[in-house]
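Student: For reference, the file coords.txt (compact mmCIF, C-alpha atoms and all ligand atoms) is included below:
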# COMPACT_ATOMS: atom_id res chain seq x y z
CA MET M 1 -16.26 20.35 23.92
CA ALA M 2 -13.62 20.72 21.21
CA GLU M 3 -14.56 18.86 18.05
CA THR M 4 -11.34 16.85 18.23
CA GLU M 5 -12.31 15.23 21.52
CA TYR M 6 -14.13 11.94 21.82
CA THR M 7 -17.78 12.65 22.58
CA ALA M 8 -19.14 9.17 23.48
CA SER M 9 -18.49 7.40 26.80
CA PRO M 10 -14.85 6.28 27.25
CA PRO M 11 -14.02 3.10 25.33
CA ALA M 12 -14.26 -0.13 27.33
CA VAL M 13 -11.40 -1.63 25.34
CA GLU M 14 -7.91 -0.41 26.22
CA VAL M 15 -4.80 -1.85 24.59
CA ASP M 16 -1.11 -1.15 24.22
CA VAL M 17 -1.32 -0.79 20.45
CA VAL M 18 -3.99 -0.28 17.82
CA ILE M 19 -2.78 -1.21 14.35
CA ILE M 20 -4.76 0.44 11.58
CA GLY M 21 -4.57 -1.77 8.47
CA GLY M 22 -4.18 -5.54 8.19
CA GLY M 23 -1.88 -5.87 5.17
CA PRO M 24 1.66 -7.27 5.39
CA ALA M 25 2.91 -4.22 7.32
CA GLY M 26 0.15 -4.35 9.94
CA LEU M 27 0.07 -8.13 10.30
CA SER M 28 3.84 -8.42 10.62
CA ALA M 29 3.80 -5.73 13.31
CA ALA M 30 0.95 -7.56 15.07
CA LEU M 31 2.90 -10.83 15.12
CA ASN M 32 5.98 -9.22 16.62
CA LEU M 33 4.02 -7.10 19.10
CA GLY M 34 2.00 -10.16 20.12
CA ARG M 35 5.19 -12.07 20.80
CA ALA M 36 6.38 -9.13 22.92
CA ARG M 37 3.28 -9.59 25.10
CA ALA M 38 1.70 -6.32 24.00
CA SER M 39 -2.07 -6.20 23.88
CA VAL M 40 -2.97 -5.43 20.27
CA VAL M 41 -6.06 -4.71 18.21
CA VAL M 42 -5.66 -4.84 14.42
CA VAL M 43 -8.41 -2.98 12.59
CA ASP M 44 -8.71 -3.92 8.92
CA ALA M 45 -11.10 -2.71 6.27
CA GLY M 46 -10.06 -5.74 4.19
CA ARG M 47 -9.28 -4.04 0.89
CA PRO M 48 -5.73 -5.18 0.03
CA ARG M 49 -3.99 -2.98 -2.48
CA ASN M 50 -2.89 -5.97 -4.55
CA ALA M 51 -6.33 -7.66 -4.57
CA ALA M 52 -6.49 -7.24 -8.36
CA THR M 53 -3.64 -9.64 -8.95
CA LEU M 54 -3.75 -13.44 -8.97
CA ARG M 55 -0.21 -14.04 -7.73
CA SER M 56 2.25 -12.08 -5.62
CA HIS M 57 5.94 -12.36 -6.31
CA GLY M 58 9.19 -11.68 -4.53
CA PHE M 59 8.18 -12.64 -0.98
CA LEU M 60 10.85 -15.08 0.22
CA THR M 61 9.37 -18.61 0.63
CA ARG M 62 6.06 -17.41 -0.87
CA ASP M 63 6.98 -16.43 -4.45
CA GLY M 64 3.80 -16.71 -6.53
CA VAL M 65 1.37 -16.93 -3.62
CA PRO M 66 -2.16 -15.51 -4.16
CA PRO M 67 -2.49 -12.24 -2.19
CA LEU M 68 -5.37 -13.42 -0.02
CA GLU M 69 -3.51 -16.65 0.80
CA LEU M 70 -0.63 -14.63 2.22
CA ARG M 71 -3.02 -12.76 4.49
CA LYS M 72 -4.75 -16.01 5.48
CA LEU M 73 -1.45 -17.60 6.50
CA ALA M 74 -0.57 -14.52 8.56
CA ARG M 75 -3.97 -14.53 10.28
CA ALA M 76 -3.57 -18.21 11.15
CA GLU M 77 -0.25 -17.46 12.82
CA LEU M 78 -1.77 -14.57 14.79
CA ALA M 79 -4.47 -16.88 16.13
CA ALA M 80 -1.82 -18.42 18.42
CA TYR M 81 -1.57 -15.13 20.35
CA PRO M 82 -4.58 -14.46 22.58
CA ASN M 83 -3.32 -10.93 23.23
CA VAL M 84 -3.87 -10.04 19.53
CA THR M 85 -7.38 -9.34 18.25
CA VAL M 86 -8.19 -8.72 14.59
CA LEU M 87 -11.31 -6.73 13.76
CA ASP M 88 -12.17 -7.57 10.17
CA ARG M 89 -14.24 -5.45 7.80
CA THR M 90 -13.87 -2.59 10.25
CA ILE M 91 -12.51 0.86 9.59
CA VAL M 92 -10.97 3.46 11.83
CA THR M 93 -13.02 6.56 11.08
CA ALA M 94 -11.12 8.92 13.37
CA LEU M 95 -8.05 8.88 15.56
CA LEU M 96 -8.53 11.22 18.47
CA PRO M 97 -6.23 12.49 21.21
CA THR M 98 -7.00 11.94 24.91
CA ASP M 99 -5.72 13.67 28.03
CA ALA M 100 -3.52 10.54 28.45
CA SER M 101 -4.29 10.51 32.20
CA ASN M 102 -4.42 6.69 32.25
CA GLY M 103 -1.56 6.24 29.77
CA MET M 104 -3.93 5.91 26.83
CA ARG M 105 -2.87 8.55 24.31
CA PHE M 106 -5.26 7.76 21.48
CA ILE M 107 -8.85 6.74 20.88
CA ALA M 108 -9.60 5.03 17.59
CA ALA M 109 -13.25 5.44 16.60
CA LEU M 110 -14.44 2.36 14.71
CA LYS M 111 -17.12 1.50 12.21
CA GLY M 112 -17.72 -2.22 11.61
CA ARG M 113 -20.37 -4.46 10.18
CA SER M 114 -20.67 -6.68 13.24
CA GLU M 115 -22.76 -5.72 16.25
CA ARG M 116 -19.85 -6.95 18.36
CA THR M 117 -17.52 -4.29 16.98
CA PRO M 118 -16.78 -1.86 19.81
CA PRO M 119 -17.45 1.78 18.88
CA ALA M 120 -13.93 2.74 19.90
CA VAL M 121 -10.65 1.41 21.30
CA ALA M 122 -8.20 3.32 23.50
CA ALA M 123 -4.48 2.75 22.93
CA ARG M 124 -1.12 3.80 24.28
CA SER M 125 0.34 3.77 20.76
CA VAL M 126 -0.93 3.48 17.22
CA LEU M 127 0.68 2.04 14.11
CA VAL M 128 -0.67 3.29 10.79
CA ALA M 129 -0.38 0.60 8.08
CA THR M 130 -3.19 1.62 5.76
CA GLY M 131 -1.30 1.44 2.47
CA LEU M 132 -2.12 3.47 -0.63
CA ARG M 133 -5.10 4.08 -2.86
CA GLU M 134 -4.38 4.06 -6.60
CA THR M 135 -5.80 6.16 -9.40
CA LEU M 136 -5.08 4.57 -12.77
CA PRO M 137 -4.92 6.53 -16.04
CA SER M 138 -8.45 6.97 -17.34
CA ILE M 139 -8.70 4.21 -19.96
CA PRO M 140 -12.05 2.39 -20.08
CA SER M 141 -10.91 -1.27 -19.99
CA LEU M 142 -7.68 -0.86 -18.01
CA ARG M 143 -9.14 -2.27 -14.77
CA ALA M 144 -10.14 -5.47 -16.59
CA PHE M 145 -6.48 -6.19 -17.36
CA TYR M 146 -4.92 -4.75 -14.20
CA GLY M 147 -3.29 -7.42 -12.08
CA MET M 148 -3.59 -9.99 -14.92
CA THR M 149 -1.38 -8.73 -17.79
CA MET M 150 -1.11 -5.03 -16.91
CA PHE M 151 0.73 -4.17 -13.68
CA SER M 152 2.30 -1.25 -11.85
CA CYS M 153 5.28 -2.86 -10.10
CA ALA M 154 8.07 -4.01 -12.41
CA ALA M 155 10.01 -5.76 -9.63
CA CYS M 156 6.86 -7.73 -8.78
CA ASP M 157 5.62 -8.76 -12.23
CA ALA M 158 8.06 -8.07 -15.08
CA TRP M 159 9.72 -11.48 -14.90
CA GLU M 160 6.57 -13.16 -16.24
CA LEU M 161 6.43 -10.68 -19.16
CA GLN M 162 10.08 -10.68 -20.15
CA ASP M 163 11.13 -10.47 -23.81
CA ARG M 164 7.55 -9.76 -24.91
CA PRO M 165 6.19 -6.62 -26.62
CA LEU M 166 5.14 -4.41 -23.69
CA ALA M 167 3.46 -1.07 -23.06
CA LEU M 168 4.23 1.47 -20.38
CA ILE M 169 1.23 3.77 -19.96
CA GLY M 170 1.41 6.87 -17.81
CA GLU M 171 1.01 10.59 -17.55
CA THR M 172 3.53 11.35 -14.77
CA PRO M 173 6.89 13.14 -15.15
CA ASP M 174 8.88 10.05 -14.10
CA LEU M 175 7.71 8.08 -17.14
CA ALA M 176 11.05 8.09 -19.01
CA ALA M 177 12.92 6.85 -15.91
CA ARG M 178 10.33 4.16 -15.46
CA ALA M 179 10.74 3.12 -19.11
CA ARG M 180 14.50 2.68 -18.67
CA LEU M 181 13.80 0.36 -15.74
CA ILE M 182 11.25 -1.76 -17.57
CA ALA M 183 13.61 -2.05 -20.55
CA ARG M 184 15.64 -4.42 -18.32
CA TRP M 185 13.03 -7.04 -19.08
CA THR M 186 12.28 -6.43 -22.76
CA ASP M 187 13.72 -4.73 -25.82
CA ARG M 188 10.23 -4.27 -27.27
CA LEU M 189 8.83 -1.45 -25.16
CA THR M 190 6.49 1.37 -26.22
CA VAL M 191 5.79 4.26 -23.87
CA PHE M 192 2.27 5.67 -24.19
CA THR M 193 1.77 9.16 -22.75
CA ASN M 194 -1.97 9.19 -23.54
CA GLY M 195 -1.72 12.74 -24.83
CA ALA M 196 0.02 14.08 -21.70
CA ASP M 197 3.26 16.05 -21.84
CA ALA M 198 5.00 13.41 -19.71
CA VAL M 199 8.18 12.78 -21.73
CA GLY M 200 10.48 15.64 -22.84
CA THR M 201 12.02 15.71 -26.31
CA VAL M 202 15.54 15.09 -24.93
CA GLU M 203 14.21 12.13 -22.93
CA GLU M 204 12.44 10.84 -26.01
CA ALA M 205 15.72 10.93 -27.97
CA GLU M 206 17.51 9.10 -25.13
CA LEU M 207 14.81 6.44 -25.05
CA ALA M 208 14.92 6.10 -28.83
CA ALA M 209 18.68 5.50 -28.61
CA SER M 210 17.86 2.51 -26.40
CA GLY M 211 15.22 1.24 -28.82
CA ILE M 212 12.25 2.43 -26.71
CA LEU M 213 9.44 4.05 -28.71
CA VAL M 214 7.32 6.94 -27.42
CA GLU M 215 3.71 7.15 -28.60
CA ARG M 216 2.10 10.50 -27.78
CA ARG M 217 -1.35 9.98 -29.24
CA ARG M 218 -4.34 9.59 -26.91
CA ILE M 219 -5.41 6.05 -26.06
CA ASP M 220 -8.95 5.07 -26.99
CA ASP M 221 -8.87 1.77 -25.08
CA LEU M 222 -7.06 -1.52 -24.55
CA GLU M 223 -8.04 -4.62 -26.49
CA GLY M 224 -7.93 -8.22 -25.32
CA ASP M 225 -9.95 -10.94 -23.69
CA ARG M 226 -10.38 -12.33 -20.16
CA GLY M 227 -7.58 -10.36 -18.61
CA THR M 228 -5.13 -10.99 -21.44
CA VAL M 229 -4.35 -7.72 -23.18
CA SER M 230 -3.51 -7.87 -26.89
CA GLY M 231 -3.20 -4.26 -28.00
CA VAL M 232 -3.42 -0.54 -27.34
CA ARG M 233 -5.99 1.15 -29.58
CA LEU M 234 -5.17 4.80 -30.24
CA SER M 235 -7.68 7.61 -30.75
CA ASP M 236 -7.25 7.44 -34.55
CA GLY M 237 -8.04 3.71 -34.57
CA MET M 238 -4.47 2.44 -34.94
CA LEU M 239 -3.77 -0.70 -32.91
CA VAL M 240 -0.35 -1.29 -31.31
CA PRO M 241 -0.03 -5.02 -30.47
CA ILE M 242 1.26 -5.83 -26.96
CA ASP M 243 1.36 -8.93 -24.73
CA GLY M 244 1.23 -6.98 -21.47
CA GLY M 245 2.63 -3.96 -19.76
CA PHE M 246 2.77 -1.50 -16.94
CA VAL M 247 0.91 1.61 -15.88
CA ARG M 248 2.07 4.46 -13.73
CA PRO M 249 -0.78 5.17 -11.29
CA GLN M 250 -1.13 8.18 -9.02
CA TRP M 251 -1.01 7.16 -5.37
CA GLN M 252 -2.68 8.66 -2.32
CA PRO M 253 -2.15 7.42 1.25
CA GLN M 254 -5.35 6.44 3.07
CA LEU M 255 -5.19 8.77 6.06
CA ASP M 256 -8.64 10.37 6.26
CA PHE M 257 -8.92 9.38 9.93
CA LEU M 258 -6.02 11.67 10.90
CA THR M 259 -8.11 14.79 11.31
CA SER M 260 -7.01 15.58 14.87
CA HIS M 261 -3.31 14.90 14.48
CA ASP M 262 -1.06 16.54 11.96
CA PRO M 263 2.06 14.38 11.58
CA GLU M 264 4.68 15.55 9.12
CA ARG M 265 4.18 14.34 5.56
CA GLU M 266 6.50 13.64 2.66
CA ALA M 267 6.10 15.51 -0.64
CA ASP M 268 3.90 12.66 -1.89
CA ASP M 269 1.67 12.97 1.22
CA THR M 270 2.82 9.70 2.82
CA LEU M 271 3.69 9.90 6.51
CA ALA M 272 7.25 11.05 7.20
CA VAL M 273 8.92 8.56 9.53
CA ASP M 274 12.36 8.10 11.05
CA PRO M 275 14.23 4.89 10.08
CA SER M 276 12.33 3.04 12.83
CA GLY M 277 8.85 4.08 11.79
CA ARG M 278 8.24 6.88 14.32
CA THR M 279 6.18 9.77 12.96
CA SER M 280 6.52 13.31 14.30
CA VAL M 281 3.61 12.64 16.73
CA ALA M 282 4.66 10.87 19.95
CA GLY M 283 3.22 7.37 20.10
CA LEU M 284 2.19 7.35 16.43
CA TYR M 285 4.11 5.04 14.08
CA ALA M 286 3.76 4.12 10.42
CA ALA M 287 4.91 1.24 8.23
CA GLY M 288 4.40 -0.10 4.74
CA ASP M 289 3.22 1.87 1.73
CA ALA M 290 1.60 4.57 3.91
CA ALA M 291 5.02 5.54 5.30
CA SER M 292 7.86 7.42 3.59
CA PRO M 293 8.39 6.46 -0.07
CA GLY M 294 10.42 3.39 -0.93
CA PRO M 295 9.95 0.12 -2.77
CA GLN M 296 6.25 -0.76 -2.62
CA GLN M 297 6.57 -4.46 -1.99
CA LEU M 298 5.01 -6.96 0.37
CA ILE M 299 8.23 -8.09 2.00
CA VAL M 300 9.41 -4.51 2.46
CA ALA M 301 6.09 -3.62 4.11
CA ALA M 302 6.32 -6.69 6.35
CA GLY M 303 9.90 -5.79 7.29
CA GLN M 304 8.93 -2.23 8.12
CA GLY M 305 6.07 -3.53 10.27
CA ALA M 306 8.45 -5.81 12.20
CA ARG M 307 10.92 -3.00 12.69
CA ALA M 308 8.29 -0.55 13.90
CA ALA M 309 7.00 -3.20 16.32
CA ALA M 310 10.45 -3.67 17.87
CA VAL M 311 10.96 0.05 18.32
CA LEU M 312 7.43 0.54 19.60
CA VAL M 313 8.08 -2.02 22.37
CA HIS M 314 11.30 -0.22 23.28
CA ASP M 315 9.47 3.09 23.41
CA LEU M 316 6.65 1.64 25.55
CA VAL M 317 9.16 0.68 28.23
CA GLY M 318 11.28 3.80 27.72
CA VAL M 319 14.38 2.07 26.33
CA ARG M 320 15.90 4.06 23.47
CA THR M 321 18.95 1.96 22.73
CA ALA M 322 20.28 0.10 19.73
CA HIS M 323 18.96 -3.41 19.29
C1 LIG T 401 -1.83 -4.98 -8.79
C2 LIG T 401 -0.74 -5.03 -7.77
C3 LIG T 401 0.13 -6.12 -7.73
C4 LIG T 401 1.14 -6.16 -6.78
N1 LIG T 401 1.95 -7.25 -6.79
C5 LIG T 401 2.92 -7.34 -5.86
C6 LIG T 401 3.79 -8.47 -5.85
O1 LIG T 401 3.67 -9.37 -6.68
N2 LIG T 401 4.78 -8.50 -4.93
C7 LIG T 401 4.96 -7.50 -4.01
O2 LIG T 401 5.89 -7.59 -3.19
N3 LIG T 401 4.14 -6.42 -3.99
C8 LIG T 401 3.13 -6.31 -4.89
N4 LIG T 401 2.31 -5.21 -4.90
C9 LIG T 401 2.54 -4.15 -3.89
C10 LIG T 401 1.95 -4.58 -2.54
O3 LIG T 401 0.60 -4.92 -2.70
C11 LIG T 401 2.08 -3.45 -1.51
O4 LIG T 401 3.41 -2.96 -1.46
C12 LIG T 401 1.70 -3.98 -0.12
O5 LIG T 401 0.38 -4.48 -0.14
C13 LIG T 401 1.81 -2.88 0.94
O6 LIG T 401 1.42 -3.43 2.16
P1 LIG T 401 0.75 -2.51 3.30
O7 LIG T 401 0.57 -3.41 4.47
O8 LIG T 401 1.52 -1.26 3.47
O9 LIG T 401 -0.66 -2.05 2.69
P2 LIG T 401 -1.89 -2.90 2.10
O10 LIG T 401 -1.49 -4.25 1.69
O11 LIG T 401 -2.49 -2.01 1.08
O12 LIG T 401 -2.88 -3.05 3.33
C14 LIG T 401 -3.50 -1.93 3.91
C15 LIG T 401 -4.76 -2.40 4.59
O13 LIG T 401 -5.28 -1.31 5.38
C16 LIG T 401 -6.69 -1.29 5.23
N5 LIG T 401 -7.17 0.06 5.58
C17 LIG T 401 -7.03 1.21 4.88
N6 LIG T 401 -7.59 2.24 5.53
C18 LIG T 401 -8.12 1.72 6.67
C19 LIG T 401 -8.84 2.27 7.77
N7 LIG T 401 -9.13 3.58 7.86
N8 LIG T 401 -9.25 1.43 8.77
C20 LIG T 401 -8.95 0.10 8.72
N9 LIG T 401 -8.26 -0.47 7.70
C21 LIG T 401 -7.86 0.33 6.70
C22 LIG T 401 -6.90 -1.67 3.77
O14 LIG T 401 -8.24 -2.12 3.54
C23 LIG T 401 -5.87 -2.80 3.62
O15 LIG T 401 -6.41 -4.06 3.99
C24 LIG T 401 1.30 -5.11 -5.83
C25 LIG T 401 0.43 -4.01 -5.87
C26 LIG T 401 -0.57 -3.96 -6.82
C27 LIG T 401 -1.48 -2.78 -6.84
Now that the file is in, can you turn its structure into structure tokens?
Tutor:
Amino acid sequence: MAETEYTASPPAVEVDVVIIGGGPAGLSAALNLGRARASVVVVDAGRPRNAATLRSHGFLTRDGVPPLELRKLARAELAAYPNVTVLDRTIVTALLPTDASNGMRFIAALKGRSERTPPAVAARSVLVATGLRETLPSIPSLRAFYGMTMFSCAACDAWELQDRPLALIGETPDLAARARLIARWTDRLTVFTNGADAVGTVEEAELAASGILVERRRIDDLEGDRGTVSGVRLSDGMLVPIDGGFVRPQWQPQLDFLTSHDPEREADDTLAVDPSGRTSVAGLYAAGDAASPGPQQLIVAAGQGARAAAVLVHDLVGVRTAH
């Protein structure tokens, strides 16, 4: 038997849609699919990307809500739909093709902590909403401040830091562009490249003309207490005082389970999707941060999930028309 085929007995659970990932993208899709009378299983490992932060901003009617509260509210709404099941603390370890003889095109192999977790679920369609994994610049105490006074998303968190002395720490080539954006919120910004060649000399001059400093020395560590950062300590011991700031992480989509399918990817490895969330594999959709690059925000992810759900329902019944 080919290694891509499912080797255990056929799954007892068959649904219209398996949603992989229970963040805003997956939960919003689940709500809309549930209301469209689709049978849905949401599989969620339960590791929200924004878990580090205390408050989420910019989600209409929920500005400032704690991240877990947003998920809790969404789960409570889903409970009204008996055709939607959420499998918590469960991961999809592999997504496998079938011969589709009974209309089921995919088998999602599961690994959960509960004995009641089925080993696999068969589905007509699958929505990938697994978000991104972040790698922060390697600075010993950065994690202790991340989500408290150091952030990655200016649109989400710069309002609370406006007009204060801020740092932008990163090693990626888009650092100068990012600095110009963050300068909307403060005129006291220092860009720290941590020894990387991330800002060109022309860019540095342009930033200087806007009052933005570039510090090229390596960072020893951040200083501060209980999540409140107070300074960037450089390798030679010099301390640059700050009240907060931003980092530029590296991002990787969480798609290890896609070993048997090879949907097209974007340059940053996220799944390439059409404007409705269809990937290049029939029946496979994606929404949220795991899909084509765009603003990484909760309400955008939720909107993409809702849109993919609508199109998925159309595709299930074979209607390819405008809405
Ligand atoms: C520190 C921080 C603060 C932020 N603050 C804000 C803010 O204030 N406002 C805002 O709009 N945005 C904010 N964001 C961005 C926001 O968190 C993301 O844009 C949003 O969470 C993306 O939603 P998603 O549904 O695509 O993915 P996620 O929210 O990341 O959810 C993906 C889910 O899929 C699960 N998963 C992954 N792989 C598997 C698998 N194989 N099987 C099962 N489940 C799996 C994960 O455990 C996770 O629960 C912040 C991000 C960070 C890092």
Student: So how far away is CA of Gln297 in chain M from CA of Thr193 in chain M, in Å?
Tutor: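 Interatomic distance, CA of Thr193 in chain M to CA of Gln297 in chain M: 25.3 Å.
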Student: Check the smallest atom-to-atom distance from each of M:Thr228, M:Thr190, M:Asn102, M:Asn50 to ligand LIG 401 (chain T) using all atoms listed in the file, then report the winner.
Tutor: M:Asn50
Student: Within 6 Å of ligand LIG 401 (chain T), counting only C-alpha atoms and all ligand atoms, which protein or nucleic acid residues do you find, written as a PyMOL selection string?
Tutor: chain M and resi 20-26+43-50+52-53+56-59+90-93+129-132+147+151+156-157+254+288-290+296-299+301
Student: Give me the residues near Ser39 in chain M as a PyMOL selection string, where near means some atom within 6 Å (using only C-alpha atoms) and where sequence neighbours in that chain fewer than 5 positions away do not count.
Tutor: chain M and resi 15-16+83
Student: Around range 133-139 of chain M, fit a box with edges along x, y and z, padding it by 6 Å on each side, then list its centre and edge lengths in Å to one decimal as AutoDock Vina command-line options.
Tutor:
--center_x -6.5 --center_y 5.5 --center_z -11.4 --size_x 16.3 --size_y 14.9 --size_z 29.1
Student: List the spatial neighbours of Asp174 in chain M as a tab-separated table (two decimals) with C-alpha atoms, in the frame of the given file - criterion: any atom at most 8 Å away, only C-alpha atoms, same-chain residues fewer than 3 positions off excluded.
Tutor:
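Output (part_7.tsv):
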chain	number	residue	atom	x	y	z
M	177	ALA	CA	12.92	6.85	-15.91
M	178	ARG	CA	10.33	4.16	-15.46
M	198	ALA	CA	5.00	13.41	-19.71
Student: Ranking M:Leu127, M:Gly200, M:Leu234, M:Thr186 by minimum distance to Val281 in chain M and counting only C-alpha atoms, which one comes first?
Tutor: M:Leu127
Student: Looking at all atoms listed in the file, which of M:Gly277, M:Leu142, M:Gly237, M:Leu96 is the one that sits closest to Ser260 in chain M?
Tutor: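 Checking each candidate against Ser260 in chain M, we get M:Leu96 as the closest.
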Student: The residues within 12 Å of (-3.3, -16.2, 3.9), using all atoms listed in the file and the coordinates of the file, should be reported as a list in words; which are they?
Tutor: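 Returned residue set, sorted by chain then number, is Gly22, Gly23, Pro24, Leu27, Pro48, Ser56, Arg62, Val65, Pro66, Pro67, Leu68, Glu69, Leu70, Arg71, Lys72, Leu73, Ala74, Arg75, Ala76, Glu77 and Leu78 of chain M.
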Student: Near Asp268 in chain M, within 9 Å and counting only C-alpha atoms, which residues show up once chain neighbours fewer than 2 positions away are dropped, as a PDB file with C-alpha atoms, in the frame of the given file?
Tutor:
ATOM      1  CA  TRP M 251      -1.010   7.160  -5.370  1.00  0.00           C
ATOM      2  CA  GLN M 252      -2.680   8.660  -2.320  1.00  0.00           C
ATOM      3  CA  PRO M 253      -2.150   7.420   1.250  1.00  0.00           C
ATOM      4  CA  ARG M 265       4.180  14.340   5.560  1.00  0.00           C
ATOM      5  CA  GLU M 266       6.500  13.640   2.660  1.00  0.00           C
ATOM      6  CA  THR M 270       2.820   9.700   2.820  1.00  0.00           C
ATOM      7  CA  LEU M 271       3.690   9.900   6.510  1.00  0.00           C
ATOM      8  CA  SER M 292       7.860   7.420   3.590  1.00  0.00           C
ATOM      9  CA  PRO M 293       8.390   6.460  -0.070  1.00  0.00           C
TER      10      PRO M 293
END
Student: Residues around (5.2, -10.9, 12.7), cut-off 8 Å, counting all atoms listed in the file - what are they as a PyMOL selection string?
Tutor: chain M and resi 27-33+74+302+305-306
Student: What would the file look like if the residues just selected were written as a PDB file, in the coordinates of the input with C-alpha atoms?
Tutor:
ATOM      1  CA  LEU M  27       0.070  -8.130  10.300  1.00  0.00           C
ATOM      2  CA  SER M  28       3.840  -8.420  10.620  1.00  0.00           C
ATOM      3  CA  ALA M  29       3.800  -5.730  13.310  1.00  0.00           C
ATOM      4  CA  ALA M  30       0.950  -7.560  15.070  1.00  0.00           C
ATOM      5  CA  LEU M  31       2.900 -10.830  15.120  1.00  0.00           C
ATOM      6  CA  ASN M  32       5.980  -9.220  16.620  1.00  0.00           C
ATOM      7  CA  LEU M  33       4.020  -7.100  19.100  1.00  0.00           C
ATOM      8  CA  ALA M  74      -0.570 -14.520   8.560  1.00  0.00           C
ATOM      9  CA  ALA M 302       6.320  -6.690   6.350  1.00  0.00           C
ATOM     10  CA  GLY M 305       6.070  -3.530  10.270  1.00  0.00           C
ATOM     11  CA  ALA M 306       8.450  -5.810  12.200  1.00  0.00           C
TER      12      ALA M 306
END
Student: For each of M:Ile169, M:Gly34, M:Glu160, M:Arg184, take the minimum atom-to-atom distance to Ala80 in chain M, counting all atoms listed in the file, then give the residue where this is smallest.
Tutor: M:Gly34
Student: Quick one: of M:Ala108, M:Leu166, M:Arg180, M:Ala309, who's nearest to Leu207 in chain M, counting all atoms listed in the file?
Tutor: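 Counting all atoms listed in the file, the residue closest to Leu207 in chain M is M:Arg180.
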